[in-house]
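Asker: This is the content of target-v1.cif (mmCIF, C-alpha atoms):
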```cif
data_coords
#
loop_
_atom_site.label_atom_id
_atom_site.label_comp_id
_atom_site.auth_asym_id
_atom_site.auth_seq_id
_atom_site.Cartn_x
_atom_site.Cartn_y
_atom_site.Cartn_z
CA MET X 216 66.31 -93.77 -29.24
CA LYS X 217 66.81 -91.33 -26.42
CA ASN X 218 64.13 -91.50 -23.79
CA ILE X 219 62.67 -88.00 -23.95
CA LEU X 220 60.04 -88.69 -21.33
CA ILE X 221 62.20 -88.58 -18.21
CA LYS X 222 62.29 -84.98 -17.14
CA GLU X 223 62.75 -83.34 -13.79
CA GLY X 224 59.40 -82.25 -12.47
CA TRP X 225 56.93 -82.84 -9.68
CA TYR X 226 58.11 -86.43 -9.16
CA ASP X 227 61.45 -87.98 -8.30
CA LYS X 228 62.47 -90.59 -10.86
CA LYS X 229 64.25 -92.82 -8.33
CA ILE X 230 61.36 -92.79 -5.87
CA ILE X 231 58.88 -93.73 -8.63
CA TYR X 232 61.25 -96.47 -9.79
CA TYR X 233 61.39 -98.09 -6.35
CA LEU X 234 57.64 -97.71 -5.88
CA ILE X 235 57.06 -99.57 -9.16
CA LEU X 236 59.63 -102.22 -8.23
CA LEU X 237 57.84 -102.78 -4.91
CA TYR X 238 54.50 -102.92 -6.73
CA LEU X 239 55.77 -105.59 -9.15
CA ILE X 240 57.05 -107.67 -6.23
CA PHE X 241 53.68 -107.46 -4.48
CA CYS X 242 51.85 -108.32 -7.71
CA SER X 243 53.99 -111.39 -8.39
CA ALA X 244 54.58 -112.81 -4.90
CA GLY X 245 51.65 -111.39 -2.95
CA LEU X 246 51.88 -110.57 0.74
CA PHE X 247 53.15 -113.92 1.97
CA ILE X 248 56.56 -112.55 2.90
CA VAL X 249 55.22 -112.58 6.45
CA ASN X 250 53.80 -115.59 8.24
CA ASP X 251 50.05 -116.15 7.88
CA SER X 252 49.65 -116.16 11.63
CA THR X 253 51.14 -112.70 11.97
CA LYS X 254 49.21 -111.10 9.12
CA THR X 255 46.36 -108.73 9.84
CA ASN X 256 43.79 -106.95 7.72
CA ASN X 257 46.03 -103.89 7.88
CA TYR X 258 48.22 -105.38 5.14
CA SER X 259 45.28 -105.45 2.74
CA THR X 260 44.38 -101.89 3.70
CA TYR X 261 47.95 -100.70 3.17
CA LEU X 262 48.12 -102.38 -0.23
CA GLN X 263 44.87 -100.74 -1.34
CA LEU X 264 46.23 -97.36 -0.25
CA PHE X 265 49.50 -98.09 -2.07
CA ASN X 266 47.52 -98.99 -5.21
CA ALA X 267 45.49 -95.78 -5.03
CA ILE X 268 48.64 -93.67 -4.77
CA LEU X 269 50.26 -95.48 -7.70
CA TYR X 270 47.10 -95.19 -9.83
CA PHE X 271 46.97 -91.45 -9.13
CA ILE X 272 50.64 -91.01 -10.03
CA SER X 273 50.11 -93.04 -13.23
CA ILE X 274 47.20 -90.82 -14.32
CA ILE X 275 49.30 -87.68 -13.89
CA ILE X 276 52.30 -89.19 -15.72
CA ILE X 277 50.12 -90.25 -18.66
CA TYR X 278 48.45 -86.84 -18.75
CA ASN X 279 51.81 -85.02 -18.71
CA LYS X 280 53.09 -87.27 -21.51
CA ARG X 281 49.80 -87.38 -23.44
CA LYS X 282 51.23 -86.04 -26.70
CA TYR X 283 53.98 -88.63 -26.80
CA THR X 284 51.54 -91.34 -25.69
CA TYR X 285 49.33 -90.47 -28.64
CA LEU X 286 52.28 -90.62 -31.05
CA ILE X 287 53.18 -94.08 -29.78
CA ILE X 288 49.72 -95.66 -29.86
CA LYS X 289 48.06 -94.04 -32.86
CA ASN X 290 47.16 -96.36 -35.73
CA ASN X 291 48.08 -99.40 -33.65
CA LEU X 292 45.47 -102.15 -33.73
CA ASN X 293 46.75 -103.96 -30.65
CA PHE X 294 46.39 -100.98 -28.36
CA TYR X 295 42.89 -100.30 -29.67
CA LEU X 296 41.97 -103.93 -28.94
CA ILE X 297 43.28 -103.55 -25.37
CA PHE X 298 41.31 -100.31 -25.04
CA LEU X 299 38.15 -102.03 -26.32
CA PHE X 300 38.74 -104.95 -23.95
CA MET X 301 39.07 -102.56 -21.00
CA LEU X 302 35.93 -100.72 -22.12
CA ILE X 303 33.92 -103.96 -22.04
CA ILE X 304 35.30 -104.74 -18.58
CA LEU X 305 34.22 -101.30 -17.32
CA LEU X 306 30.76 -101.57 -18.91
CA SER X 307 30.15 -105.10 -17.65
CA PHE X 308 28.65 -103.75 -14.42
CA LEU X 309 25.54 -102.96 -16.50
CA TRP X 310 24.70 -106.68 -16.87
CA SER X 311 26.45 -107.92 -13.75
CA GLY X 312 24.53 -109.63 -10.96
CA ASN X 313 26.64 -107.61 -8.53
CA PRO X 314 27.15 -104.25 -10.28
CA ILE X 315 28.86 -102.45 -7.38
CA LEU X 316 31.48 -105.18 -6.96
CA THR X 317 32.05 -105.37 -10.72
CA LEU X 318 32.44 -101.60 -11.03
CA ARG X 319 34.88 -101.48 -8.12
CA LYS X 320 37.06 -104.28 -9.51
CA SER X 321 36.81 -102.90 -13.06
CA ILE X 322 38.16 -99.54 -11.89
CA ALA X 323 40.99 -101.34 -10.10
CA MET X 324 41.70 -103.26 -13.33
CA LEU X 325 41.81 -99.96 -15.21
CA GLY X 326 44.23 -98.66 -12.60
CA THR X 327 46.54 -101.64 -13.18
CA THR X 328 46.40 -100.95 -16.93
CA LEU X 329 47.30 -97.30 -16.37
CA VAL X 330 50.24 -98.41 -14.25
CA PHE X 331 51.82 -100.46 -17.04
CA ILE X 332 51.32 -97.57 -19.49
CA SER X 333 53.04 -95.14 -17.11
CA ILE X 334 55.84 -97.66 -16.42
CA PHE X 335 56.53 -97.85 -20.13
CA LEU X 336 56.42 -94.08 -20.61
CA LEU X 337 59.05 -93.60 -17.91
CA TYR X 338 61.30 -96.59 -18.52
CA MET X 339 60.68 -97.75 -22.08
CA ASP X 340 64.33 -98.65 -22.65
CA ASP X 341 64.67 -100.40 -19.29
CA ILE X 342 61.40 -102.28 -18.83
CA PHE X 343 63.06 -105.70 -19.13
CA LYS X 344 65.64 -104.75 -16.53
CA LEU X 345 62.81 -103.66 -14.24
CA ILE X 346 60.88 -106.91 -14.77
CA TYR X 347 64.03 -108.98 -14.29
CA LYS X 348 65.02 -107.12 -11.14
CA SER X 349 61.60 -107.64 -9.53
CA ILE X 350 61.74 -111.39 -10.26
CA TYR X 351 65.36 -111.58 -9.10
CA ILE X 352 64.41 -110.10 -5.72
CA THR X 353 61.50 -112.53 -5.23
CA MET X 354 63.74 -115.48 -6.13
CA LEU X 355 66.47 -114.41 -3.70
CA LEU X 356 63.92 -113.85 -0.93
CA SER X 357 62.42 -117.27 -1.67
CA LEU X 358 65.87 -118.84 -1.35
CA VAL X 359 66.43 -117.11 1.99
CA TYR X 360 63.03 -118.24 3.28
CA ALA X 361 63.59 -121.80 2.04
CA ILE X 362 66.82 -121.97 4.05
CA PHE X 363 65.91 -120.05 7.21
CA LEU X 364 62.08 -120.10 7.33
CA PRO X 365 61.02 -123.44 5.82
CA ASN X 366 57.69 -123.38 7.69
CA ILE X 367 56.68 -120.45 5.47
CA ALA X 368 58.52 -121.40 2.27
CA TYR X 369 57.18 -124.95 2.01
CA LEU X 370 53.62 -126.13 1.50
CA LYS X 371 52.21 -129.47 2.64
CA ASP X 372 49.36 -131.05 0.70
CA PRO X 373 48.15 -134.64 0.09
CA ARG X 374 50.55 -135.08 -2.83
CA GLY X 375 53.66 -134.12 -0.85
CA ILE X 376 55.74 -131.17 0.30
CA PHE X 377 56.31 -128.40 -2.24
CA LEU X 378 58.32 -125.21 -2.32
CA LYS X 379 56.42 -121.94 -2.71
CA GLY X 380 59.01 -119.49 -1.39
CA ILE X 381 57.51 -116.14 -0.46
CA PHE X 382 54.65 -116.63 -2.92
CA TRP X 383 50.97 -117.06 -2.14
CA HIS X 384 50.76 -120.25 -4.21
CA LYS X 385 53.28 -122.85 -5.36
CA ASN X 386 52.10 -122.67 -8.98
CA GLN X 387 52.64 -118.92 -9.13
CA PHE X 388 56.10 -119.45 -7.66
CA ALA X 389 56.81 -122.17 -10.24
CA TYR X 390 55.77 -120.02 -13.22
CA ILE X 391 57.81 -117.05 -12.01
CA ALA X 392 60.80 -119.37 -11.47
CA GLY X 393 60.30 -120.73 -15.00
CA LEU X 394 60.20 -117.24 -16.45
CA PHE X 395 63.34 -116.39 -14.46
CA LEU X 396 65.07 -119.43 -15.98
CA VAL X 397 64.08 -118.40 -19.51
CA MET X 398 65.21 -114.79 -19.02
CA ASN X 399 68.56 -115.90 -17.57
CA LEU X 400 69.12 -118.25 -20.50
CA ILE X 401 68.45 -115.43 -22.97
CA HIS X 402 70.79 -113.13 -21.02
CA PHE X 403 73.42 -115.90 -21.06
CA CYS X 404 73.22 -116.23 -24.86
CA PHE X 405 73.31 -112.50 -25.59
CA ASN X 406 75.54 -111.04 -22.89
CA LYS X 407 79.29 -111.55 -22.81
CA LYS X 408 79.56 -110.64 -19.14
CA ASN X 409 78.25 -112.36 -15.99
CA LYS X 410 78.08 -115.80 -17.65
CA ILE X 411 78.89 -117.62 -14.41
CA ILE X 412 76.22 -115.70 -12.51
CA ASN X 413 73.66 -116.53 -15.21
CA ILE X 414 74.57 -120.24 -15.01
CA LEU X 415 74.17 -120.23 -11.22
CA LEU X 416 70.79 -118.49 -11.49
CA ILE X 417 69.66 -120.99 -14.16
CA ILE X 418 70.60 -123.86 -11.83
CA LEU X 419 68.73 -122.17 -8.97
CA SER X 420 65.66 -121.75 -11.18
CA ILE X 421 65.76 -125.44 -12.16
CA ILE X 422 65.93 -126.44 -8.49
CA PHE X 423 62.97 -124.17 -7.71
CA LEU X 424 60.95 -125.59 -10.63
CA ASN X 425 61.69 -129.15 -9.56
CA ASN X 426 60.62 -128.52 -5.95
CA ALA X 427 57.49 -126.50 -6.75
CA GLY X 428 55.69 -129.48 -8.26
CA CYS X 429 53.95 -127.65 -11.11
CA VAL X 430 54.04 -129.59 -14.40
CA GLY X 431 52.41 -126.73 -16.31
CA ALA X 432 55.27 -124.37 -15.38
CA VAL X 433 57.83 -126.97 -16.51
CA LEU X 434 55.97 -127.37 -19.82
CA ALA X 435 55.76 -123.60 -20.39
CA THR X 436 59.46 -123.23 -19.60
CA PHE X 437 60.54 -126.13 -21.83
CA ILE X 438 58.53 -124.97 -24.87
CA SER X 439 59.70 -121.36 -24.43
CA ILE X 440 63.35 -122.45 -24.28
CA ILE X 441 63.03 -124.64 -27.38
CA ILE X 442 61.42 -121.81 -29.41
CA PHE X 443 64.08 -119.36 -28.22
CA LEU X 444 66.94 -121.69 -29.19
CA ILE X 445 65.41 -122.21 -32.64
CA ILE X 446 65.11 -118.46 -33.29
CA TYR X 447 68.52 -117.69 -31.79
CA ASN X 448 70.33 -120.26 -33.96
CA TYR X 449 68.20 -119.45 -37.03
CA ASN X 450 69.57 -115.91 -36.94
CA LYS X 451 73.14 -117.23 -37.09
CA ILE X 452 72.55 -119.20 -40.31
CA LEU X 453 73.38 -117.13 -43.40
CA ASN X 454 72.20 -119.43 -46.22
CA LYS X 455 68.44 -119.18 -46.84
CA ASN X 456 68.10 -122.82 -47.90
CA VAL X 457 69.89 -123.98 -44.77
CA LYS X 458 67.58 -121.75 -42.72
CA LEU X 459 64.54 -123.52 -44.20
CA ILE X 460 66.00 -126.96 -43.54
CA PHE X 461 66.87 -125.95 -39.98
CA ILE X 462 63.31 -124.78 -39.28
CA MET X 463 61.78 -127.97 -40.71
CA PHE X 464 64.22 -130.19 -38.80
CA SER X 465 63.62 -128.31 -35.54
CA PHE X 466 59.85 -128.56 -35.92
CA ILE X 467 60.03 -132.31 -36.56
CA VAL X 468 62.45 -133.06 -33.71
CA PHE X 469 60.95 -130.87 -31.00
CA PHE X 470 57.23 -130.89 -31.81
CA THR X 471 56.10 -133.56 -34.30
CA ILE X 472 58.04 -136.50 -32.78
CA PRO X 473 56.99 -135.74 -29.16
CA ILE X 474 53.31 -135.49 -30.20
CA ILE X 475 53.45 -138.80 -32.09
CA ALA X 476 55.27 -140.43 -29.16
CA PHE X 477 52.67 -139.09 -26.73
CA ILE X 478 49.76 -140.45 -28.79
CA SER X 479 51.46 -143.81 -29.38
CA TYR X 480 52.30 -144.28 -25.70
CA SER X 481 48.79 -143.31 -24.60
CA LEU X 482 47.15 -145.76 -27.01
CA SER X 483 49.45 -148.66 -26.16
CA ASN X 484 49.41 -148.35 -22.35
CA ASP X 485 46.63 -148.52 -19.79
CA ASN X 486 48.54 -146.03 -17.66
CA ASN X 487 48.94 -143.07 -19.97
CA ILE X 488 51.82 -140.62 -20.08
CA PHE X 489 50.28 -138.35 -17.42
CA ASN X 490 51.00 -141.04 -14.83
CA LEU X 491 54.70 -140.78 -15.60
CA ILE X 492 54.66 -137.20 -14.35
CA GLY X 493 52.48 -137.87 -11.35
CA ARG X 494 49.27 -136.50 -12.85
CA ASP X 495 46.06 -137.92 -14.32
CA ASP X 496 44.36 -137.37 -17.66
CA THR X 497 42.05 -134.73 -16.12
CA LEU X 498 45.08 -132.42 -15.64
CA THR X 499 44.62 -132.49 -11.86
CA GLY X 500 40.87 -132.00 -12.17
CA ARG X 501 41.06 -129.07 -14.59
CA SER X 502 39.17 -130.76 -17.42
CA LEU X 503 36.39 -131.67 -14.97
CA ILE X 504 36.06 -128.02 -13.91
CA TRP X 505 35.93 -126.96 -17.56
CA LYS X 506 33.21 -129.54 -18.23
CA ALA X 507 31.15 -128.30 -15.27
CA PHE X 508 31.47 -124.72 -16.53
CA ILE X 509 30.35 -125.57 -20.07
CA ILE X 510 27.38 -127.64 -18.87
CA TYR X 511 26.05 -125.46 -16.06
CA SER X 512 26.99 -121.83 -16.64
CA PHE X 513 28.20 -120.95 -20.15
CA LYS X 514 24.83 -121.65 -21.78
CA GLU X 515 23.10 -119.25 -19.36
CA LYS X 516 25.02 -116.11 -20.43
CA PRO X 517 27.10 -116.95 -23.52
CA ILE X 518 27.32 -113.50 -25.16
CA LEU X 519 28.23 -111.04 -22.37
CA GLY X 520 29.09 -113.34 -19.47
CA TYR X 521 28.38 -112.69 -15.81
CA GLY X 522 30.25 -109.37 -15.47
CA PHE X 523 33.85 -108.79 -14.50
CA GLU X 524 34.57 -110.72 -11.27
CA SER X 525 30.96 -110.30 -10.16
CA ASN X 526 30.35 -113.92 -9.20
CA ASP X 527 32.53 -116.66 -7.90
CA LEU X 528 32.58 -119.97 -9.71
CA LEU X 529 30.90 -121.76 -6.83
CA SER X 530 27.76 -119.61 -6.76
CA VAL X 531 27.20 -119.85 -10.53
CA ILE X 532 27.88 -123.52 -11.22
CA GLY X 533 26.62 -124.74 -7.86
CA ILE X 534 28.36 -126.74 -5.17
CA ASN X 535 26.49 -129.98 -5.93
CA ASN X 536 27.27 -129.78 -9.64
CA LEU X 537 30.96 -129.14 -8.96
CA ILE X 538 31.26 -131.99 -6.50
CA SER X 539 29.39 -134.41 -8.79
CA LEU X 540 31.59 -133.60 -11.81
CA ALA X 541 34.93 -132.48 -10.44
CA GLY X 542 34.85 -134.20 -7.06
CA PHE X 543 36.09 -131.05 -5.31
CA ILE X 544 35.29 -127.33 -4.98
CA PRO X 545 37.60 -125.10 -7.07
CA SER X 546 37.78 -121.34 -6.69
CA HIS X 547 38.41 -120.59 -10.37
CA LEU X 548 38.49 -122.23 -13.80
CA HIS X 549 42.26 -122.74 -14.13
CA ASN X 550 42.10 -121.37 -17.67
CA SER X 551 42.45 -117.71 -18.60
CA PHE X 552 40.40 -118.04 -21.79
CA LEU X 553 37.49 -119.73 -20.00
CA ASP X 554 37.74 -117.14 -17.24
CA VAL X 555 37.30 -114.41 -19.86
CA LEU X 556 34.36 -116.36 -21.28
CA PHE X 557 32.90 -116.63 -17.77
CA ASN X 558 33.32 -112.92 -17.03
CA LEU X 559 32.78 -111.25 -20.42
CA GLY X 560 31.17 -113.88 -22.65
CA LEU X 561 31.97 -114.64 -26.28
CA ILE X 562 32.46 -110.96 -27.13
CA GLY X 563 35.18 -110.55 -24.52
CA LEU X 564 36.80 -113.88 -25.42
CA ILE X 565 37.01 -113.04 -29.13
CA ILE X 566 38.71 -109.71 -28.38
CA PHE X 567 41.06 -111.38 -25.87
CA ILE X 568 42.09 -114.03 -28.44
CA PHE X 569 42.62 -111.35 -31.08
CA ILE X 570 44.88 -109.45 -28.67
CA PHE X 571 46.99 -112.56 -28.14
CA ILE X 572 47.17 -113.43 -31.85
CA SER X 573 47.96 -109.84 -32.83
CA SER X 574 50.64 -109.58 -30.12
CA ILE X 575 52.46 -112.74 -31.21
CA TYR X 576 52.08 -111.91 -34.92
CA ASN X 577 53.53 -108.41 -34.43
CA GLN X 578 56.50 -109.78 -32.48
CA VAL X 579 57.22 -112.32 -35.24
CA ILE X 580 57.07 -109.56 -37.88
CA ASN X 581 59.39 -107.32 -35.84
CA ILE X 582 61.89 -110.15 -35.29
CA LYS X 583 61.77 -111.05 -39.00
CA PHE X 584 62.41 -107.41 -39.90
CA ILE X 585 65.44 -107.08 -37.67
CA ILE X 586 66.86 -110.46 -38.81
CA TYR X 587 66.80 -109.40 -42.47
CA ASN X 588 67.91 -105.82 -41.74
CA TYR X 589 70.46 -106.65 -39.07
CA LYS X 590 73.37 -104.16 -39.16
CA LYS X 591 75.39 -105.75 -36.36
CA ASN X 592 75.51 -102.59 -34.28
CA VAL X 593 74.82 -102.20 -30.57
CA LYS X 594 71.29 -100.85 -30.99
CA ASP X 595 70.19 -103.63 -33.34
CA TYR X 596 71.71 -106.20 -30.99
CA ILE X 597 69.74 -104.81 -28.02
CA TYR X 598 66.50 -104.54 -30.03
CA PHE X 599 66.91 -108.11 -31.30
CA LYS X 600 67.40 -109.41 -27.76
CA ASN X 601 64.43 -107.43 -26.44
CA LEU X 602 62.13 -108.53 -29.27
CA ILE X 603 63.02 -112.17 -28.66
CA LEU X 604 62.32 -111.61 -24.96
CA CYS X 605 58.91 -110.18 -25.91
CA LEU X 606 58.00 -113.14 -28.10
CA ILE X 607 59.21 -115.82 -25.68
CA ILE X 608 57.45 -114.20 -22.71
CA LEU X 609 54.24 -113.97 -24.78
CA ILE X 610 54.47 -117.68 -25.58
CA PHE X 611 55.18 -118.42 -21.92
CA ILE X 612 52.10 -116.41 -20.84
CA LEU X 613 49.99 -118.11 -23.52
CA ILE X 614 50.86 -121.60 -22.24
CA ARG X 615 50.29 -120.50 -18.65
CA SER X 616 46.91 -119.05 -19.62
CA ILE X 617 45.70 -122.46 -20.79
CA LEU X 618 46.33 -124.09 -17.41
CA GLU X 619 46.19 -121.36 -14.78
CA THR X 620 44.28 -118.43 -13.35
CA PRO X 621 43.46 -115.41 -15.53
CA ILE X 622 45.95 -112.73 -16.42
CA MET X 623 43.12 -110.17 -16.56
CA LYS X 624 42.95 -109.34 -12.88
CA TYR X 625 43.82 -106.13 -11.13
CA ASN X 626 47.32 -106.22 -9.64
CA SER X 627 48.10 -109.12 -11.99
CA PHE X 628 51.84 -109.43 -12.62
CA TRP X 629 51.08 -111.24 -15.88
CA TRP X 630 48.71 -108.54 -17.14
CA ILE X 631 51.34 -105.86 -16.43
CA ILE X 632 54.04 -107.81 -18.32
CA PHE X 633 51.60 -108.53 -21.15
CA GLY X 634 50.81 -104.83 -21.41
CA LEU X 635 54.47 -103.76 -21.28
CA ILE X 636 55.34 -106.17 -24.09
CA ASN X 637 52.56 -104.76 -26.25
CA MET X 638 53.75 -101.23 -25.53
CA TYR X 639 57.30 -102.19 -26.48
CA ASN X 640 56.01 -103.68 -29.73
CA ILE X 641 54.30 -100.36 -30.52
CA TYR X 642 57.49 -98.50 -29.57
CA TYR X 643 59.65 -100.61 -31.88
CA LYS X 644 57.18 -100.22 -34.77
CA ASN X 645 57.65 -96.45 -34.48
CA ILE X 646 61.43 -96.97 -34.64
CA ILE X 647 61.03 -99.00 -37.83
CA LYS X 648 59.04 -96.22 -39.45
CA LYS X 649 61.97 -93.87 -38.89
CA LEU X 650 64.56 -96.23 -40.40
#
```
Give the structure from the file, written as structure tokens.

Answerer:
Amino acid sequence: MKNILIKEGWYDKKIIYYLILLYLIFCSAGLFIVNDSTKTNNYSTYLQLFNAILYFISIIIIYNKRKYTYLIIKNNLNFYLIFLFMLIILLSFLWSGNPILTLRKSIAMLGTTLVFISIFLLYMDDIFKLIYKSIYITMLLSLVYAIFLPNIAYLKDPRGIFLKGIFWHKNQFAYIAGLFLVMNLIHFCFNKKNKIINILLIILSIIFLNNAGCVGAVLATFISIIIFLIIYNYNKILNKNVKLIFIMFSFIVFFTIPIIAFISYSLSNDNNIFNLIGRDDTLTGRSLIWKAFIIYSFKEKPILGYGFESNDLLSVIGINNLISLAGFIPSHLHNSFLDVLFNLGLIGLIIFIFIFISSIYNQVINIKFIIYNYKKNVKDYIYFKNLILCLIILIFILIRSILETPIMKYNSFWWIIFGLINMYNIYYKNIIKKL
């Protein structure tokens, strides 16, 4: 489908493209490209100004393309769920303990949502190239810093020395490196060119993952790769009976057997399987934080929560309660679903879960459609690759959401990707209707 949205007008397409690319880099890596000792508050001020400019541009782009935007999103449940979710975030200042702070952060969250809508409207056929390019730049910069500026690229903590590259946290670096590995593997399988480059980048990603010391990122990457390989090879099998056998065999080998082995090993050994990977059965204290949240804060405001980012975890649960249960003072819940529950209560959580389920279900339906209506032309080949990318990235984000910080934050790289994938799903559904 020809992209009818890119027209010469008040903006320059190339300038907007590089602004968005810079924004994605900032959202993924943060501002740790410079040394902490040389940073000043001016960086935060500049970023806020940059955000405001990008939000303003996004509003104008969406307004100028409002008719086409309406054609894309009408009668689409997923977009309405996202809209309802954003509405609850914006209204949460009404029951927030800090309404001004909640309103300010809610507006910023809305701005981030408008950015991913405008990105899609301008570059709907190239969003995966844009995402890949932003990650590619952060990975190359991280490599340069690891070689020439190790005092910035490496992090020392009680468990050892870990690589974080140019990122603000080693776990964020690890998850981005894992996503980079998955995307390069998919490119390797689908593209006939640049195979050697893809292999080198996959090796680099593995090295980054290994040195970042984040087991959750390794798990998300491994599961995403397995699911991709199953779908990719399933599409190559012509006989329906063989397809069924292949799916059953894959499920048993890659999921059932590992789960049984995990349970058996844990029951038969005093040192469970977590010790083999250098962790404990509390998932590095995560389960203790979750327990403290359920006991001391959830029961206080279960329906609507505490308001979007109105309170920090420490002030709500209490320092003594956290120390007595978790043994340390965390800054967040390390679980996106519990973070939604904390901020927006059961109502927000139910909508958030529905968005995830609907997103994954729609991607599966789209992939199934193109598998059974595959015409072996260039367009179908590109759509098939992009739809698989959508599904695998959704699964990757889902696994990350169980163990890490929320995706629903303003300037969240994961929220932007999540939104772009949902927009692409809507876009492809409109293509199907025209077939």

Asker: Could you please determine the separation between CA of Leu400 in chain X and CA of Ile614 in chain X in Å, to one decimal place?

Answerer: 18.6 Å

Asker: Can you measure CA of Leu613 in chain X to CA of Gly428 in chain X for me? One decimal in Å is fine.

Answerer: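 Atom-to-atom, CA of Leu613 in chain X and CA of Gly428 in chain X are spaced 19.9 Å apart.
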
Asker: Hey, what's within 8 Å of Leu396 in chain X if we count all atoms listed in the file and toss same-chain stuff fewer than 5 positions away? As a ChimeraX atom specification, please?

Answerer: /X:416-417,420-421,436

Asker: If we count only C-alpha atoms, what is near Tyr285 in chain X at a cut-off of 12 Å, once residues fewer than 4 positions away on the same chain are taken out, given as a ChimeraX atom specification?

Answerer: /X:277-281,289-291,294-295,332,336,641-642,645

Asker: Which residue out of X:Ile235, X:Tyr639, X:Lys320, X:Ser307 has the minimum interatomic distance to Lys348 in chain X when only C-alpha atoms are used?

Answerer: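 Selected residue with least distance to Lys348 in chain X: X:Ile235.
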
Asker: Using Å and a single decimal, report how far CA of Ser465 in chain X sits from CA of Phe343 in chain X.

Answerer: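 That distance, rounded to one decimal, is 27.9 Å.
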
Asker: What would the selection look like, as a PDB file with C-alpha atoms, in the frame of the given file, if the PyMOL selection byres ((chain X and resi 620) around 7) were run on the coordinates I just shared?

Answerer:
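This went into part10.pdb:
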```
ATOM      1  CA  HIS X 547      38.410-120.590 -10.370  1.00  0.00           C
ATOM      2  CA  LEU X 548      38.490-122.230 -13.800  1.00  0.00           C
ATOM      3  CA  HIS X 549      42.260-122.740 -14.130  1.00  0.00           C
ATOM      4  CA  ASN X 550      42.100-121.370 -17.670  1.00  0.00           C
ATOM      5  CA  SER X 551      42.450-117.710 -18.600  1.00  0.00           C
ATOM      6  CA  SER X 616      46.910-119.050 -19.620  1.00  0.00           C
ATOM      7  CA  GLU X 619      46.190-121.360 -14.780  1.00  0.00           C
ATOM      8  CA  PRO X 621      43.460-115.410 -15.530  1.00  0.00           C
ATOM      9  CA  ILE X 622      45.950-112.730 -16.420  1.00  0.00           C
TER      10      ILE X 622
END
```

Asker: Rank X:Leu609, X:Val433, X:Ile230, X:Ile562 by their smallest atom-to-atom distance to Leu296 in chain X, using only C-alpha atoms, and report the top residue only.

Answerer: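 Once distances to Leu296 in chain X are computed over only C-alpha atoms, the minimum belongs to X:Ile562.
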
Asker: From (71.5, -102.4, -21.2), in the file's coordinates, out to 8 Å: which residues are reached, counting all atoms listed in the file? Answer as a PDB file with C-alpha atoms, in the frame of the given file.

Answerer:
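After the write, out_35.pdb holds the following:
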```pdb
ATOM      1  CA  ASP X 341      64.670-100.400 -19.290  1.00  0.00           C
ATOM      2  CA  LYS X 344      65.640-104.750 -16.530  1.00  0.00           C
ATOM      3  CA  ILE X 597      69.740-104.810 -28.020  1.00  0.00           C
TER       4      ILE X 597
END
```
